[in-house]
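Next up, final37.cif (mmCIF, C-alpha atoms (C1' of nucleotides)):
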data_query
#
loop_
_atom_site.label_atom_id
_atom_site.label_comp_id
_atom_site.auth_asym_id
_atom_site.auth_seq_id
_atom_site.Cartn_x
_atom_site.Cartn_y
_atom_site.Cartn_z
CA MET U 1319 86.42 71.12 -38.06
CA ALA U 1320 85.26 73.09 -35.07
CA ARG U 1321 81.80 73.88 -33.83
CA THR U 1322 79.76 71.44 -35.89
CA GLN U 1323 77.57 70.67 -32.90
CA GLY U 1324 76.14 73.16 -30.48
CA SER U 1325 76.66 75.75 -33.17
CA HIS U 1326 74.76 79.02 -33.03
CA SER U 1327 73.08 78.35 -36.34
CA ASP U 1328 70.82 75.82 -34.64
CA ILE U 1329 69.45 78.68 -32.60
CA THR U 1330 69.72 81.66 -34.90
CA GLY U 1331 68.17 79.89 -37.90
CA PRO U 1332 64.79 79.27 -36.27
CA ARG U 1333 64.86 82.67 -34.65
CA VAL U 1334 65.25 84.32 -38.04
CA ARG U 1335 62.18 82.47 -39.28
CA GLU U 1336 60.23 83.35 -36.14
CA ALA U 1337 61.13 87.01 -36.41
CA ALA U 1338 60.23 87.12 -40.09
CA LEU U 1339 56.94 85.34 -39.41
CA SER U 1340 55.93 87.73 -36.69
CA LEU U 1341 57.05 90.89 -38.49
CA PHE U 1342 55.61 89.93 -41.89
CA ALA U 1343 52.29 89.14 -40.23
CA ARG U 1344 52.19 92.38 -38.29
CA HIS U 1345 53.51 94.86 -40.85
CA GLY U 1346 53.48 93.06 -44.19
CA TYR U 1347 56.34 91.69 -46.29
CA ALA U 1348 57.06 94.89 -48.18
CA ALA U 1349 57.11 97.03 -45.04
CA VAL U 1350 59.61 94.83 -43.18
CA SER U 1351 63.29 95.32 -43.98
CA MET U 1352 66.04 92.78 -43.50
CA ARG U 1353 67.52 95.14 -40.94
CA LYS U 1354 64.33 95.06 -38.88
CA ILE U 1355 64.29 91.27 -38.93
CA ALA U 1356 67.95 91.25 -37.93
CA ALA U 1357 67.28 93.68 -35.08
CA GLU U 1358 64.50 91.44 -33.77
CA VAL U 1359 66.91 88.50 -33.76
CA GLY U 1360 69.65 90.63 -32.21
CA VAL U 1361 72.07 90.40 -35.08
CA GLN U 1362 73.33 92.47 -38.01
CA ALA U 1363 71.53 92.32 -41.36
CA GLY U 1364 74.40 90.54 -43.10
CA ALA U 1365 74.14 87.57 -40.74
CA LEU U 1366 70.65 86.74 -42.04
CA TYR U 1367 72.20 85.62 -45.31
CA ASN U 1368 73.67 82.59 -43.53
CA TYR U 1369 70.08 81.35 -43.19
CA THR U 1370 68.30 82.50 -46.31
CA PRO U 1371 69.58 83.23 -49.83
CA ASP U 1372 67.34 86.31 -49.94
CA LYS U 1373 64.24 87.98 -48.55
CA GLN U 1374 61.95 86.33 -51.08
CA SER U 1375 63.04 82.83 -50.01
CA LEU U 1376 62.30 83.72 -46.42
CA LEU U 1377 58.71 84.52 -47.38
CA PHE U 1378 58.34 81.46 -49.57
CA ASP U 1379 59.73 79.14 -46.89
CA LEU U 1380 57.22 80.40 -44.36
CA MET U 1381 54.28 79.96 -46.73
CA ASN U 1382 55.48 76.64 -48.10
CA THR U 1383 56.06 75.15 -44.65
CA HIS U 1384 52.62 76.30 -43.58
CA MET U 1385 50.85 74.76 -46.56
CA GLN U 1386 52.79 71.50 -46.32
CA GLU U 1387 51.91 71.19 -42.65
CA LEU U 1388 48.28 72.00 -43.34
CA LEU U 1389 48.00 69.27 -45.95
CA ALA U 1390 50.01 66.70 -44.00
CA SER U 1391 48.01 67.40 -40.89
CA TRP U 1392 44.68 66.91 -42.67
CA LYS U 1393 45.82 63.74 -44.38
CA ALA U 1394 47.01 62.33 -41.06
CA GLN U 1395 43.46 62.61 -39.72
CA PRO U 1396 41.42 59.40 -39.51
CA LYS U 1397 38.81 59.42 -42.27
CA ARG U 1398 35.32 58.45 -41.27
CA PRO U 1399 33.11 56.79 -43.92
CA ASP U 1400 30.10 59.13 -43.87
CA PRO U 1401 30.58 62.35 -45.89
CA LEU U 1402 28.52 64.18 -43.26
CA ASP U 1403 31.05 63.17 -40.64
CA GLN U 1404 33.89 64.08 -42.98
CA LEU U 1405 32.43 67.54 -43.38
CA GLU U 1406 32.24 67.95 -39.62
CA ASP U 1407 35.81 66.70 -39.25
CA PHE U 1408 37.02 69.11 -41.90
CA THR U 1409 35.22 72.03 -40.26
CA ARG U 1410 36.68 71.32 -36.84
CA PHE U 1411 40.11 70.59 -38.26
CA HIS U 1412 40.22 73.79 -40.32
CA ILE U 1413 39.12 76.04 -37.47
CA ARG U 1414 41.45 74.38 -34.98
CA PHE U 1415 44.50 74.28 -37.23
CA HIS U 1416 44.12 77.86 -38.41
CA SER U 1417 43.32 79.34 -35.01
CA LYS U 1418 46.60 77.91 -33.70
CA ARG U 1419 48.65 79.61 -36.44
CA PRO U 1420 47.22 83.11 -36.94
CA ASP U 1421 50.47 84.58 -38.24
CA GLU U 1422 51.08 81.84 -40.80
CA VAL U 1423 47.48 82.04 -42.02
CA PHE U 1424 47.60 85.81 -42.28
CA ILE U 1425 50.77 85.68 -44.34
CA ALA U 1426 49.49 82.84 -46.53
CA TYR U 1427 46.49 84.95 -47.51
CA MET U 1428 48.00 88.43 -47.61
CA GLU U 1429 51.40 87.96 -49.15
CA LEU U 1430 50.59 85.88 -52.20
CA ARG U 1431 51.20 88.87 -54.44
CA ASN U 1432 54.70 89.34 -53.05
CA LEU U 1433 55.78 85.91 -54.22
CA SER U 1434 57.81 85.58 -57.38
CA GLU U 1435 55.88 84.03 -60.26
CA GLU U 1436 57.45 80.63 -59.75
CA ASN U 1437 56.92 80.61 -56.00
CA TYR U 1438 53.34 81.79 -56.48
CA ARG U 1439 52.62 78.83 -58.72
CA LYS U 1440 53.94 76.41 -56.12
CA ILE U 1441 51.88 77.87 -53.28
CA SER U 1442 48.81 78.10 -55.48
CA ALA U 1443 49.12 74.42 -56.33
CA LEU U 1444 49.20 73.53 -52.65
CA ARG U 1445 46.17 75.67 -51.94
CA ASP U 1446 44.29 74.06 -54.82
CA LEU U 1447 45.17 70.69 -53.36
CA TYR U 1448 43.68 71.69 -50.03
CA GLU U 1449 40.51 73.01 -51.63
CA THR U 1450 40.17 69.73 -53.49
CA GLN U 1451 40.05 67.84 -50.19
CA ILE U 1452 36.70 69.32 -49.17
CA GLU U 1453 35.46 69.40 -52.75
CA ASP U 1454 35.89 65.61 -52.89
CA VAL U 1455 33.88 65.25 -49.71
CA PHE U 1456 31.05 67.19 -51.34
CA ARG U 1457 31.16 65.07 -54.50
CA GLU U 1458 30.98 61.88 -52.47
CA GLY U 1459 28.14 63.21 -50.35
CA ILE U 1460 26.20 64.29 -53.41
CA ARG U 1461 26.51 60.77 -54.87
CA SER U 1462 25.40 59.16 -51.65
CA GLY U 1463 22.54 61.62 -51.32
CA VAL U 1464 23.41 63.20 -47.96
CA PHE U 1465 24.23 66.57 -49.55
CA ASP U 1466 22.05 68.85 -51.63
CA VAL U 1467 24.77 70.82 -53.42
CA VAL U 1468 24.46 72.11 -56.98
CA ASP U 1469 28.09 73.15 -57.45
CA PRO U 1470 30.70 71.41 -55.26
CA LYS U 1471 33.46 73.82 -56.31
CA VAL U 1472 31.45 76.86 -55.23
CA ALA U 1473 30.38 75.11 -52.04
CA SER U 1474 34.05 74.42 -51.22
CA MET U 1475 35.07 78.02 -51.75
CA ALA U 1476 32.11 79.23 -49.70
CA VAL U 1477 32.81 76.92 -46.77
CA ILE U 1478 36.56 77.57 -46.73
CA ALA U 1479 36.04 81.34 -46.87
CA MET U 1480 33.53 81.12 -44.04
CA LEU U 1481 35.86 79.02 -41.86
CA THR U 1482 38.98 81.03 -42.56
CA GLY U 1483 37.04 84.14 -41.59
CA VAL U 1484 37.08 82.91 -37.99
CA ASN U 1485 40.69 84.05 -37.73
CA THR U 1486 39.69 87.67 -38.30
CA TRP U 1487 37.67 87.91 -35.10
CA PHE U 1488 38.25 84.91 -32.82
CA ARG U 1489 40.54 85.52 -29.84
CA GLU U 1490 41.31 82.97 -27.14
CA GLY U 1491 39.79 84.11 -23.86
CA GLY U 1492 36.99 86.03 -25.52
CA ARG U 1493 33.23 85.61 -25.20
CA LEU U 1494 33.30 82.18 -26.89
CA SER U 1495 35.64 79.23 -26.46
CA LEU U 1496 37.12 77.48 -29.49
CA PRO U 1497 34.81 74.44 -29.05
CA ASP U 1498 31.86 76.86 -28.92
CA VAL U 1499 32.94 78.34 -32.21
CA GLU U 1500 33.55 74.93 -33.75
CA ASN U 1501 30.04 73.85 -32.82
CA LEU U 1502 28.42 76.98 -34.19
CA TYR U 1503 30.24 76.67 -37.51
CA CYS U 1504 29.66 72.91 -37.76
CA ASP U 1505 25.97 73.57 -37.43
CA MET U 1506 25.88 76.32 -40.07
CA VAL U 1507 28.12 74.45 -42.51
CA ARG U 1508 26.14 71.22 -42.26
CA ARG U 1509 22.79 72.90 -42.70
CA SER U 1510 24.00 74.97 -45.66
CA VAL U 1511 24.68 71.84 -47.74
CA SER U 1512 22.61 69.01 -46.22
CA ALA U 1513 19.88 67.27 -48.20
CA MET F 1493 42.27 134.62 -61.78
CA ALA F 1494 43.16 132.34 -64.66
CA ARG F 1495 42.18 128.76 -65.30
CA THR F 1496 39.62 128.33 -62.56
CA GLN F 1497 37.43 126.31 -64.89
CA GLY F 1498 38.65 123.63 -67.25
CA SER F 1499 41.70 123.39 -65.07
CA HIS F 1500 43.89 120.32 -65.24
CA SER F 1501 43.22 119.51 -61.60
CA ASP F 1502 39.73 118.34 -62.54
CA ILE F 1503 41.36 115.67 -64.64
CA THR F 1504 44.58 114.92 -62.78
CA GLY F 1505 42.92 114.62 -59.37
CA PRO F 1506 40.73 111.65 -60.26
CA ARG F 1507 43.52 110.08 -62.27
CA VAL F 1508 45.79 110.13 -59.22
CA ARG F 1509 43.15 108.31 -57.23
CA GLU F 1510 42.57 105.79 -60.02
CA ALA F 1511 46.27 105.09 -60.37
CA ALA F 1512 46.70 104.68 -56.62
CA LEU F 1513 43.68 102.38 -56.47
CA SER F 1514 44.94 100.14 -59.21
CA LEU F 1515 48.55 100.03 -58.04
CA PHE F 1516 47.75 99.57 -54.34
CA ALA F 1517 45.43 96.69 -55.24
CA ARG F 1518 47.97 95.01 -57.51
CA HIS F 1519 51.19 95.47 -55.52
CA GLY F 1520 50.17 96.62 -52.06
CA TYR F 1521 50.44 100.01 -50.40
CA ALA F 1522 53.98 99.56 -49.06
CA ALA F 1523 55.32 98.32 -52.39
CA VAL F 1524 53.99 101.27 -54.40
CA SER F 1525 56.01 104.49 -54.36
CA MET F 1526 54.71 107.96 -55.04
CA ARG F 1527 56.97 108.00 -58.11
CA LYS F 1528 55.23 104.91 -59.50
CA ILE F 1529 51.82 106.47 -59.00
CA ALA F 1530 53.06 109.65 -60.66
CA ALA F 1531 54.47 107.68 -63.59
CA GLU F 1532 51.10 105.96 -64.08
CA VAL F 1533 49.41 109.36 -64.20
CA GLY F 1534 52.11 110.75 -66.47
CA VAL F 1535 53.39 113.39 -64.11
CA GLN F 1536 56.30 114.00 -61.72
CA ALA F 1537 56.05 112.85 -58.10
CA GLY F 1538 55.91 116.39 -56.73
CA ALA F 1539 52.70 117.11 -58.61
CA LEU F 1540 50.81 114.49 -56.60
CA TYR F 1541 51.00 116.75 -53.57
CA ASN F 1542 48.54 119.11 -55.17
CA TYR F 1543 45.96 116.36 -54.73
CA THR F 1544 46.86 114.66 -51.48
CA PRO F 1545 48.67 115.91 -48.39
CA ASP F 1546 50.60 112.63 -48.23
CA LYS F 1547 50.62 108.97 -49.21
CA GLN F 1548 48.70 107.90 -46.13
CA SER F 1549 45.78 110.21 -46.95
CA LEU F 1550 45.63 108.71 -50.41
CA LEU F 1551 45.11 105.26 -48.91
CA PHE F 1552 42.62 106.49 -46.34
CA ASP F 1553 40.58 108.37 -48.94
CA LEU F 1554 40.26 105.27 -51.09
CA MET F 1555 39.15 103.10 -48.19
CA ASN F 1556 36.89 105.73 -46.67
CA THR F 1557 35.14 106.46 -49.95
CA HIS F 1558 34.62 102.77 -50.51
CA MET F 1559 33.10 102.16 -47.08
CA GLN F 1560 30.89 105.25 -47.28
CA GLU F 1561 29.57 104.15 -50.67
CA LEU F 1562 29.00 100.61 -49.40
CA LEU F 1563 26.93 101.83 -46.46
CA ALA F 1564 25.05 104.47 -48.44
CA SER F 1565 24.28 101.99 -51.19
CA TRP F 1566 22.89 99.42 -48.76
CA LYS F 1567 20.80 101.98 -46.93
CA ALA F 1568 19.38 103.24 -50.22
CA GLN F 1569 17.98 99.77 -50.89
CA PRO F 1570 14.25 99.25 -50.31
CA LYS F 1571 13.75 97.24 -47.14
CA ARG F 1572 11.32 94.36 -47.35
CA PRO F 1573 9.44 93.39 -44.16
CA ASP F 1574 10.35 89.68 -43.93
CA PRO F 1575 13.83 89.01 -42.44
CA LEU F 1576 14.17 86.07 -44.83
CA ASP F 1577 13.76 88.47 -47.74
CA GLN F 1578 16.13 90.94 -46.09
CA LEU F 1579 18.75 88.21 -45.85
CA GLU F 1580 18.35 87.42 -49.54
CA ASP F 1581 18.56 91.11 -50.40
CA PHE F 1582 21.70 91.50 -48.35
CA THR F 1583 23.32 88.47 -49.94
CA ARG F 1584 22.61 89.65 -53.48
CA PHE F 1585 23.58 93.23 -52.65
CA HIS F 1586 26.87 92.24 -51.05
CA ILE F 1587 27.94 89.95 -53.89
CA ARG F 1588 26.90 92.44 -56.56
CA PHE F 1589 28.43 95.51 -54.93
CA HIS F 1590 31.72 93.82 -54.13
CA SER F 1591 32.12 92.07 -57.47
CA LYS F 1592 31.87 95.45 -59.19
CA ARG F 1593 34.72 96.91 -57.11
CA PRO F 1594 37.40 94.25 -56.79
CA ASP F 1595 40.25 96.72 -56.31
CA GLU F 1596 38.49 98.71 -53.59
CA VAL F 1597 37.48 95.55 -51.75
CA PHE F 1598 40.97 94.11 -51.96
CA ILE F 1599 42.47 97.27 -50.53
CA ALA F 1600 39.83 97.57 -47.83
CA TYR F 1601 40.74 94.10 -46.55
CA MET F 1602 44.48 94.01 -47.15
CA GLU F 1603 45.68 97.47 -46.23
CA LEU F 1604 44.05 97.98 -42.86
CA ARG F 1605 47.40 97.56 -41.15
CA ASN F 1606 48.93 100.34 -43.22
CA LEU F 1607 46.47 102.88 -41.87
CA SER F 1608 47.57 105.24 -39.13
CA GLU F 1609 45.95 104.49 -35.78
CA GLU F 1610 43.42 107.26 -36.16
CA ASN F 1611 42.49 106.34 -39.72
CA TYR F 1612 42.24 102.68 -38.72
CA ARG F 1613 39.70 103.54 -36.04
CA LYS F 1614 37.56 105.43 -38.54
CA ILE F 1615 37.53 102.62 -41.09
CA SER F 1616 36.94 100.03 -38.40
CA ALA F 1617 33.92 101.95 -37.18
CA LEU F 1618 32.46 101.94 -40.68
CA ARG F 1619 33.08 98.23 -41.07
CA ASP F 1620 31.42 97.55 -37.71
CA LEU F 1621 28.46 99.58 -38.89
CA TYR F 1622 28.15 97.40 -41.99
CA GLU F 1623 28.39 94.19 -39.99
CA THR F 1624 25.65 95.48 -37.72
CA GLN F 1625 23.30 95.76 -40.69
CA ILE F 1626 23.12 92.00 -41.23
CA GLU F 1627 23.34 91.29 -37.50
CA ASP F 1628 20.15 93.28 -37.01
CA VAL F 1629 18.44 91.23 -39.69
CA PHE F 1630 19.38 88.08 -37.80
CA ARG F 1631 18.10 89.43 -34.49
CA GLU F 1632 14.78 90.39 -36.03
CA GLY F 1633 14.45 87.00 -37.72
CA ILE F 1634 15.24 85.17 -34.49
CA ARG F 1635 12.48 87.10 -32.73
CA SER F 1636 9.98 86.39 -35.46
CA GLY F 1637 11.01 82.74 -35.54
CA VAL F 1638 12.15 82.46 -39.17
CA PHE F 1639 15.79 81.98 -38.18
CA ASP F 1640 17.37 79.31 -36.00
CA VAL F 1641 20.55 81.14 -35.02
CA VAL F 1642 22.25 80.77 -31.65
CA ASP F 1643 24.70 83.65 -32.01
CA PRO F 1644 23.76 86.45 -34.41
CA LYS F 1645 27.22 88.06 -34.19
CA VAL F 1646 28.95 84.85 -35.25
CA ALA F 1647 26.37 84.23 -37.95
CA SER F 1648 27.04 87.73 -39.34
CA MET F 1649 30.77 87.20 -39.45
CA ALA F 1650 30.33 83.80 -41.05
CA VAL F 1651 27.97 85.04 -43.75
CA ILE F 1652 30.02 88.14 -44.57
CA ALA F 1653 33.24 86.11 -44.80
CA MET F 1654 31.54 83.61 -47.06
CA LEU F 1655 30.15 86.30 -49.34
CA THR F 1656 33.31 88.38 -49.50
CA GLY F 1657 35.16 85.21 -50.47
CA VAL F 1658 33.41 85.33 -53.83
CA ASN F 1659 35.81 88.07 -54.88
CA THR F 1660 38.80 85.72 -54.59
CA TRP F 1661 37.63 83.42 -57.36
CA PHE F 1662 34.73 84.92 -59.34
CA ARG F 1663 35.63 86.37 -62.73
CA GLU F 1664 33.13 87.80 -65.21
CA GLY F 1665 32.94 85.57 -68.26
CA GLY F 1666 33.87 82.43 -66.35
CA ARG F 1667 31.94 79.18 -65.89
CA LEU F 1668 29.22 80.89 -63.87
CA SER F 1669 27.38 84.17 -64.36
CA LEU F 1670 26.97 86.59 -61.49
CA PRO F 1671 23.23 85.75 -61.12
CA ASP F 1672 24.23 82.06 -60.97
CA VAL F 1673 26.61 82.81 -58.14
CA GLU F 1674 24.06 84.96 -56.35
CA ASN F 1675 21.53 82.15 -56.48
CA LEU F 1676 23.97 79.54 -55.20
CA TYR F 1677 25.01 81.71 -52.27
CA CYS F 1678 21.46 82.80 -51.47
CA ASP F 1679 20.53 79.16 -51.17
CA MET F 1680 23.45 78.25 -48.91
CA VAL F 1681 23.12 81.34 -46.72
CA ARG F 1682 19.38 80.88 -46.22
CA ARG F 1683 19.66 77.20 -45.36
CA SER F 1684 22.54 77.79 -42.94
CA VAL F 1685 20.38 79.96 -40.68
CA SER F 1686 16.74 79.10 -41.42
CA ALA F 1687 14.48 77.59 -38.79
"C1'" DC B 988 49.79 140.87 -75.80
"C1'" DT B 989 50.17 141.11 -71.03
"C1'" DT B 990 48.93 139.69 -66.71
"C1'" DT B 991 47.59 136.24 -63.46
"C1'" DG B 992 47.72 132.34 -60.76
"C1'" DA B 993 46.89 127.42 -60.98
"C1'" DT B 994 49.73 123.53 -62.33
"C1'" DT B 995 53.82 121.08 -62.98
"C1'" DT B 996 58.77 120.29 -63.13
"C1'" DG B 997 63.18 118.88 -61.51
"C1'" DA B 998 66.39 118.99 -58.24
"C1'" DA B 999 67.33 118.44 -53.60
"C1'" DC B 1000 66.78 116.61 -48.73
"C1'" DA B 1001 67.96 112.99 -45.34
"C1'" DC B 1002 67.38 108.55 -44.88
"C1'" DA B 1003 66.16 103.43 -46.02
"C1'" DT B 1004 66.57 99.49 -49.17
"C1'" DG B 1005 68.53 94.35 -50.33
"C1'" DT B 1006 72.71 92.38 -50.81
"C1'" DT B 1007 77.86 91.52 -50.71
"C1'" DC B 1008 82.16 90.62 -48.54
"C1'" DA B 1009 86.75 91.31 -46.32
"C1'" DG B 1010 87.73 91.09 -41.79
"C1'" DT B 1011 86.83 89.92 -36.78
"C1'" DT B 1012 85.24 86.91 -33.12
"C1'" DA B 1013 84.77 82.84 -30.62
"C1'" DA B 1014 83.72 77.96 -29.86
"C1'" DG B 1015 85.23 73.50 -30.39
"C1'" DT B 1016 89.29 69.92 -31.59
"C1'" DC B 1017 93.88 68.40 -31.17
"C1'" DG I 1338 97.78 77.00 -26.20
"C1'" DA I 1339 97.56 76.63 -31.29
"C1'" DC I 1340 94.54 75.74 -35.00
"C1'" DT I 1341 90.35 75.53 -37.66
"C1'" DT I 1342 86.27 77.21 -39.23
"C1'" DA I 1343 81.38 78.48 -38.46
"C1'" DA I 1344 79.16 82.74 -37.21
"C1'" DC I 1345 78.92 87.38 -37.24
"C1'" DT I 1346 80.17 92.40 -37.89
"C1'" DG I 1347 80.36 96.69 -40.11
"C1'" DA I 1348 81.06 99.19 -43.91
"C1'" DA I 1349 80.10 99.73 -48.56
"C1'" DC I 1350 77.30 99.45 -53.02
"C1'" DA I 1351 73.83 101.40 -56.08
"C1'" DT I 1352 69.33 102.51 -55.92
"C1'" DG I 1353 64.86 103.92 -53.96
"C1'" DT I 1354 61.99 106.41 -50.32
"C1'" DG I 1355 58.34 110.41 -49.04
"C1'" DT I 1356 58.29 115.05 -49.16
"C1'" DT I 1357 59.54 120.05 -50.13
"C1'" DC I 1358 60.02 124.07 -52.94
"C1'" DA I 1359 61.97 127.65 -56.09
"C1'" DA I 1360 61.50 128.07 -60.74
"C1'" DA I 1361 59.33 127.14 -65.18
"C1'" DT I 1362 55.08 126.44 -67.84
"C1'" DC I 1363 50.78 127.45 -69.58
"C1'" DA I 1364 45.76 128.41 -70.35
"C1'" DA I 1365 42.45 131.78 -69.70
"C1'" DA I 1366 40.96 136.78 -68.39
"C1'" DG I 1367 41.57 141.59 -69.27
#

If you took the structure in this file and wrote it as structure tokens, what would it be?
Amino acid sequence: MARTQGSHSDITGPRVREAALSLFARHGYAAVSMRKIAAEVGVQAGALYNYTPDKQSLLFDLMNTHMQELLASWKAQPKRPDPLDQLEDFTRFHIRFHSKRPDEVFIAYMELRNLSEENYRKISALRDLYETQIEDVFREGIRSGVFDVVDPKVASMAVIAMLTGVNTWFREGGRLSLPDVENLYCDMVRRSVSA
Amino acid sequence: MARTQGSHSDITGPRVREAALSLFARHGYAAVSMRKIAAEVGVQAGALYNYTPDKQSLLFDLMNTHMQELLASWKAQPKRPDPLDQLEDFTRFHIRFHSKRPDEVFIAYMELRNLSEENYRKISALRDLYETQIEDVFREGIRSGVFDVVDPKVASMAVIAMLTGVNTWFREGGRLSLPDVENLYCDMVRRSVSA
DNA sequence: CTTTGATTTGAACACATGTTCAGTTAAGTC
DNA sequence: GACTTAACTGAACATGTGTTCAAATCAAAG
């Protein structure tokens, strides 16, 4: 058996994913052909099928990996006892994590409708799981009296939408630094739900 | 000159736009072919070109009309003197206007990258104009002391993102009525920026 | 009923699509 | 240097793409 180590697939595989990520984010899943992805990698279209069963799986893999990393990364964070601190941690974590992965985030929000029904259900479940994380913080803070929130589900959706919106305008090297932005949003988020 | 009045174009024209709106929102601009739009209208693809010079113009018209109506509708609103009231008015207006036009809103946010450069600039300018509306409210409220906002631009982006997020989960006939949602968001928005 | 011209058809254009696969290339083992 | 096999090419498949346009259709005016 020749070429089991040092094989090209160790290099080409990731490059296919990178090319798909970048192209899907820039032009959208439907507008990017397998030939364009192949051209970006420097390979013929047929070669892509050594690394993905089809175009749909390429999209799903990107979104699934992103969501898994998002959840794992949040759960790896140390959890402070006070819900007010947890809310600040979540705010900073969300902004930081998302600002580092603009392409993944863009795809995760824009390409949901291009997933097959089954794949859509899987990604949706992961997103629900993430939304539940902050919802639980609200419920705990309501019980302990530090939050004045009527509807924790709505508050979760509102806060997540607000935080994810940062990606639409924030650019490294702009008028504000990332810590600046974190502080501004921490302040607004806390005040919007504090007792 | 025959058939100048009661002509089919009075009926087919709007139906082409409606079909494009619905299909673009559901499947995305790139995934919808002129033949699919034509099929939805009940006509052959060639006939569409009596109503649009090309596919791109169809997309631009939908987005442009939406943005023009959004701006005109906001400017037609009576303007109350207190910035706190203006903020509440904006919040209710934004939620109400957007929840009535889910397809237009979806397209306006998702299909920006499918606009030609020139069309993108035009739509961007309109969006900037809308964002300026609430930014001006913040600036006035900071001056008069009713708002405690460090960065009115960031506050605008945060509030608009939060409000537009309603469209991703709110459905008429669900757990909450639209007035319920308006009240919840008014409360959060006001508290997040009040002095 | 004939004329008129707006409206629509249906075929054609040149090219792009996702996917498959027999055949070629080339890197590692013996 | 011969052998093995992963990696890749390049052509082919059937189908779909936006757009054009001569010809057919059809409702109203004369």

Selection result for the PyMOL selection byres ((chain B and resi 1007) around 9) on this file, as a list in words: Gly1364 of chain U; DT1006 and DC1008 of chain B; DA1349 and DC1350 of chain I

Considering all atoms listed in the file, give me a table of residues in chain I that are at most 7 Å from chain F, with the closest atom pair and distance in Å for each, as CSV.
residue,atom,partner,partner_atom,distance
I:DA1364,C1',F:Arg1495,CA,6.2
I:DA1365,C1',F:Ala1494,CA,5.1
I:DA1366,C1',F:Ala1494,CA,6.2

Could you list, as a PyMOL selection string, every residue within 9 Å of Gly1505 of chain F, counting only C-alpha atoms (C1' of nucleotides) and ignoring same-chain residues fewer than 5 positions away? chain F and resi 1500+1510+1540+1542-1544

Pull the closest atom pair for each residue of chain U that gets at most 6 Å from chain F, along with the distance in Å to one decimal, counting all atoms listed in the file, ordering rows by chain and then ascending residue number, as a tab-separated table.
residue	atom	partner	partner_atom	distance
U:Ala1348	CA	F:Ala1522	CA	5.7
U:Ala1349	CA	F:Ala1522	CA	5.7
U:Ala1476	CA	F:Met1654	CA	5.1
U:Ala1479	CA	F:Met1654	CA	5.0
U:Met1480	CA	F:Met1654	CA	4.4
U:Gly1483	CA	F:Ala1653	CA	5.4
U:Met1506	CA	F:Ser1684	CA	4.6
U:Arg1509	CA	F:Ser1684	CA	4.9
U:Ser1510	CA	F:Ser1684	CA	4.2

Chain B residues within 10 Å of chain F, counting all atoms listed in the file: which ones, as a PyMOL selection string? chain B and resi 990-997

Selection in question (the file shown): the PyMOL selection byres ((chain I and resi 1339) around 12). Which residues does it include, as an NGL selection string? (:B and (1016-1017)) or (:I and (1338 or 1340-1341))

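Separating atom CA of Ala1600 of chain F from atom CA of His1558 of chain F is a distance of 7.8 Å.
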
d(atom CA of Glu1532 of chain F, atom CA of Ser1514 of chain F) in Å: 9.8 Å

For the structure provided, state which residues fall under the PyMOL selection byres ((chain I and resi 1359) around 12), and present them as a ChimeraX atom specification. /B:996-999 /I:1357-1358,1360-1361

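Computed from the coordinates, the atom CA of Ser1474 of chain U to atom CA of Thr1624 of chain F distance equals 26.4 Å.
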
Take the point (38.2, 67.4, -49.7) as written in the file and pick out every residue within 12 Å of it, counting only C-alpha atoms (C1' of nucleotides); give the list as a short mmCIF file (atom, residue, chain, number, x, y, z; two decimals) with C-alpha atoms, keeping the file's coordinate frame.
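This went into selection-v4.cif:
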data_model
loop_
_atom_site.label_atom_id
_atom_site.label_comp_id
_atom_site.auth_asym_id
_atom_site.auth_seq_id
_atom_site.Cartn_x
_atom_site.Cartn_y
_atom_site.Cartn_z
CA LEU U 1389 48.00 69.27 -45.95
CA TRP U 1392 44.68 66.91 -42.67
CA LYS U 1393 45.82 63.74 -44.38
CA LYS U 1397 38.81 59.42 -42.27
CA PRO U 1401 30.58 62.35 -45.89
CA GLN U 1404 33.89 64.08 -42.98
CA LEU U 1405 32.43 67.54 -43.38
CA GLU U 1406 32.24 67.95 -39.62
CA ASP U 1407 35.81 66.70 -39.25
CA PHE U 1408 37.02 69.11 -41.90
CA THR U 1409 35.22 72.03 -40.26
CA HIS U 1412 40.22 73.79 -40.32
CA ARG U 1445 46.17 75.67 -51.94
CA ASP U 1446 44.29 74.06 -54.82
CA LEU U 1447 45.17 70.69 -53.36
CA TYR U 1448 43.68 71.69 -50.03
CA GLU U 1449 40.51 73.01 -51.63
CA THR U 1450 40.17 69.73 -53.49
CA GLN U 1451 40.05 67.84 -50.19
CA ILE U 1452 36.70 69.32 -49.17
CA GLU U 1453 35.46 69.40 -52.75
CA ASP U 1454 35.89 65.61 -52.89
CA VAL U 1455 33.88 65.25 -49.71
CA PHE U 1456 31.05 67.19 -51.34
CA ARG U 1457 31.16 65.07 -54.50
CA GLU U 1458 30.98 61.88 -52.47
CA GLY U 1459 28.14 63.21 -50.35
CA PRO U 1470 30.70 71.41 -55.26
CA LYS U 1471 33.46 73.82 -56.31
CA ALA U 1473 30.38 75.11 -52.04
CA SER U 1474 34.05 74.42 -51.22
CA MET U 1475 35.07 78.02 -51.75
CA VAL U 1477 32.81 76.92 -46.77
CA ILE U 1478 36.56 77.57 -46.73
#

Please check which residues have atoms at most 9 Å from (68.3, 109.0, -47.6) in the file's coordinates, counting all atoms listed in the file, and write them as a PDB file with C-alpha atoms (C1' of nucleotides), keeping the file's coordinate frame.
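Result saved to part_35.pdb:
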ATOM      1  C1'  DC B1000      66.780 116.610 -48.730  1.00  0.00           C
ATOM      2  C1'  DA B1001      67.960 112.990 -45.340  1.00  0.00           C
ATOM      3  C1'  DC B1002      67.380 108.550 -44.880  1.00  0.00           C
ATOM      4  C1'  DA B1003      66.160 103.430 -46.020  1.00  0.00           C
TER       5       DA B1003
ATOM      6  C1'  DG I1353      64.860 103.920 -53.960  1.00  0.00           C
ATOM      7  C1'  DT I1354      61.990 106.410 -50.320  1.00  0.00           C
TER       8       DT I1354
END
